[in-house]
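Enquirer: Have a look at this one before I ask anything.
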Amino acid sequence: FRGYFLKNEGARIQWAVLNFAFDHLIQKGFSPIVPPVINKRFALIGGGQFPWGEEDTYKVGDEDFLVGTAEIPLMALHADETFELKDLPKKYVGLSVCLRTEIGSYGKDTKGLYRVHEFYKVEQVILCEANEQESLGFFEELQDNSEDILQELGLAYQVVCLSSEDMGKKAALTYDIETWMAARNEYGETHSNSIILDFQSRRLKIKYKDKDGQVKFCHALNNTAIASPRILIPLLENFQQEDGSVKLPEILHKYTGFSIISPK
């Protein structure tokens with residue numbers, strides 16, 4: 001049913017990975033936020049999850065929905081606001097549970113931790129002025145942040161530039177990161193990085209005054225810093241030893257309180 005239990009070391013590793021990524025981005029100057037996961041329809045329309053992702057979204061009331069990413073409430077946070085130029089960029093790192101029906105992926109990855117109904121994610125979101133060169137600069141910054149996290153964890157990965165056919169409807173440019181998963185004998189998607197330009201900000205009416213006093217719509221970007229339990233697949237598989245033990249990356253030791261998972 002795409003559910004799971006994480007026990008003992010597994011539970012502690014999940015929070016270790018999430019806290020490490022959260023701390024890493026706070027140190028990079030991102031403002032930490034734990035956003036609500038129950039959102040009104042306007043937030044999902046504004047964020048671009050509706051109408052295309054409505055079948056994968058849980059409904060809990062007449063106009064209340066459970067969101068599949070912190071990006072949605074982080075964008076809705078500034079709906080109907082107009083910033084002064086000096087107040088930009090806005091950089092947020094959100095940590096939240098994410099919930100998806102996965103109806104659109106019926107029959108795919110039905111076992112294991114790869115595709116599940118609920119997971120936790122550390123999400124990066126940036127609002128900036130409507131300048132494509134500046135947006136591209138922030139895009140590369142977000143990409144570097146995600147790659148830094150994987151490099152600190154010692155995981156092998158590849159970066160894929162998506163075609164327009166494979167991108168989300170709202171994105172102007174998307175890079176995916178695929179991390180090596182030994183048991184699958186292939187790379188599996190673990191991160192996504194997108195420039196949205198003013199698609200979301202027009203829907204949510206998020207604006208700013210430029211240096212000449214003209215009112216413009218902000219550009220928006222979002223990026224998966226880490227998502228668990230999917231990231232646990234390469235962590236547990238790639239660092240498993242011949243005796244069945246798992247040696248954890250050194251960066252996680254201070255979060256877990258242990259460095260190795262030993263066979264019982």
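Ordering of the structure tokens sets the chain letters (A, B, ...); residue numbers start at 1 within each chain; ligands are numbered from 1 in the order shown.
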What lies within 10 Å of Tyr114 in chain A using only C-alpha atoms, ignoring chain neighbours under 3 positions off, as an MDAnalysis selection string?
Expert: chainID A and resid 2 108:111 188:190 228:233
Enquirer: Would you save the residues of that selection, restricted to N, CA, C and O atoms, as a compact mmCIF listing (two decimals), in the first residue's frame?
Expert:
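File result.txt, as written:
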# COMPACT_ATOMS: atom_id res chain seq x y z
N ARG A 2 2.14 1.09 -0.36
CA ARG A 2 3.10 2.20 -0.43
C ARG A 2 3.33 2.86 0.93
O ARG A 2 3.57 4.06 1.01
N LYS A 108 3.76 1.44 -10.77
CA LYS A 108 5.19 1.72 -10.76
C LYS A 108 5.74 1.65 -9.34
O LYS A 108 5.16 2.22 -8.42
N ASP A 109 6.87 0.96 -9.16
CA ASP A 109 7.60 0.96 -7.89
C ASP A 109 6.65 0.75 -6.71
O ASP A 109 6.61 1.54 -5.77
N THR A 110 5.90 -0.33 -6.75
CA THR A 110 4.87 -0.55 -5.73
C THR A 110 5.43 -1.09 -4.42
O THR A 110 4.73 -1.10 -3.41
N LYS A 111 6.69 -1.56 -4.43
CA LYS A 111 7.30 -2.08 -3.21
C LYS A 111 8.52 -1.25 -2.84
O LYS A 111 9.13 -0.60 -3.69
N GLY A 188 18.56 6.49 -9.70
CA GLY A 188 17.16 6.80 -9.44
C GLY A 188 17.02 8.27 -9.07
O GLY A 188 17.86 8.83 -8.35
N GLU A 189 15.95 8.92 -9.53
CA GLU A 189 15.76 10.35 -9.26
C GLU A 189 15.60 10.61 -7.77
O GLU A 189 14.80 9.97 -7.09
N THR A 190 16.38 11.55 -7.25
CA THR A 190 16.29 11.93 -5.84
C THR A 190 16.09 13.42 -5.64
O THR A 190 15.68 13.85 -4.56
N SER A 228 13.35 12.00 2.11
CA SER A 228 13.49 10.70 2.77
C SER A 228 12.10 10.09 2.96
O SER A 228 11.15 10.82 3.25
N PRO A 229 11.94 8.79 2.72
CA PRO A 229 12.98 7.75 2.81
C PRO A 229 13.70 7.41 1.51
O PRO A 229 14.56 6.54 1.52
N ARG A 230 13.39 8.05 0.37
CA ARG A 230 14.04 7.62 -0.88
C ARG A 230 15.55 7.69 -0.79
O ARG A 230 16.26 6.81 -1.29
N ILE A 231 16.08 8.74 -0.15
CA ILE A 231 17.55 8.86 -0.07
C ILE A 231 18.16 7.76 0.79
O ILE A 231 19.37 7.49 0.69
N LEU A 232 17.35 7.11 1.64
CA LEU A 232 17.87 6.01 2.45
C LEU A 232 18.25 4.80 1.60
O LEU A 232 19.09 3.99 2.01
N ILE A 233 17.65 4.68 0.41
CA ILE A 233 17.98 3.55 -0.47
C ILE A 233 19.47 3.56 -0.81
O ILE A 233 20.18 2.59 -0.53
Enquirer: Quick one: pick out all strand (DSSP E or B) residues within range 125-254 of chain A from a backbone DSSP run and write them as a PyMOL selection string.
Expert: chain A and resi 125-128+157-161+173-181+186-197+207-209+215-217+219-228+240+246-247
Enquirer: Would you mind telling me which residue in A:Phe139, A:Trp180, A:Tyr120, A:Phe22 lies nearest to Val93 in chain A when using only C-alpha atoms?
Expert: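 For Val93 in chain A, the nearest of the candidates is A:Phe22.
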Enquirer: With the cut-off set at 8 Å and counting only C-alpha atoms, tabulate each residue of range 139-211 of chain A with an atom at most that distance from an atom of range 70-81 of chain A, showing the nearest atom pair and its distance in Å to one decimal, ordered by chain and increasing number, as JSON lines.
Expert:
{"residue": "A:Gln200", "atom": "CA", "partner": "A:Met75", "partner_atom": "CA", "distance": 7.8}
{"residue": "A:Ser201", "atom": "CA", "partner": "A:Ala79", "partner_atom": "CA", "distance": 7.9}
{"residue": "A:Leu204", "atom": "CA", "partner": "A:Ala79", "partner_atom": "CA", "distance": 4.9}
{"residue": "A:Lys205", "atom": "CA", "partner": "A:Asp80", "partner_atom": "CA", "distance": 4.8}
{"residue": "A:Ile206", "atom": "CA", "partner": "A:Glu81", "partner_atom": "CA", "distance": 5.2}
{"residue": "A:Lys207", "atom": "CA", "partner": "A:Glu81", "partner_atom": "CA", "distance": 6.2}
Enquirer: I need the residue nearest Phe199 in chain A from this list: A:Lys170, A:Lys86, A:Arg115, A:Lys264. Use only C-alpha atoms for the distance.
Expert: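 For Phe199 in chain A, the nearest of the candidates is A:Lys170.
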Enquirer: In Å to one decimal, how far is CA of Glu102 in chain A from CA of Trp52 in chain A?
Expert: 13.0 Å
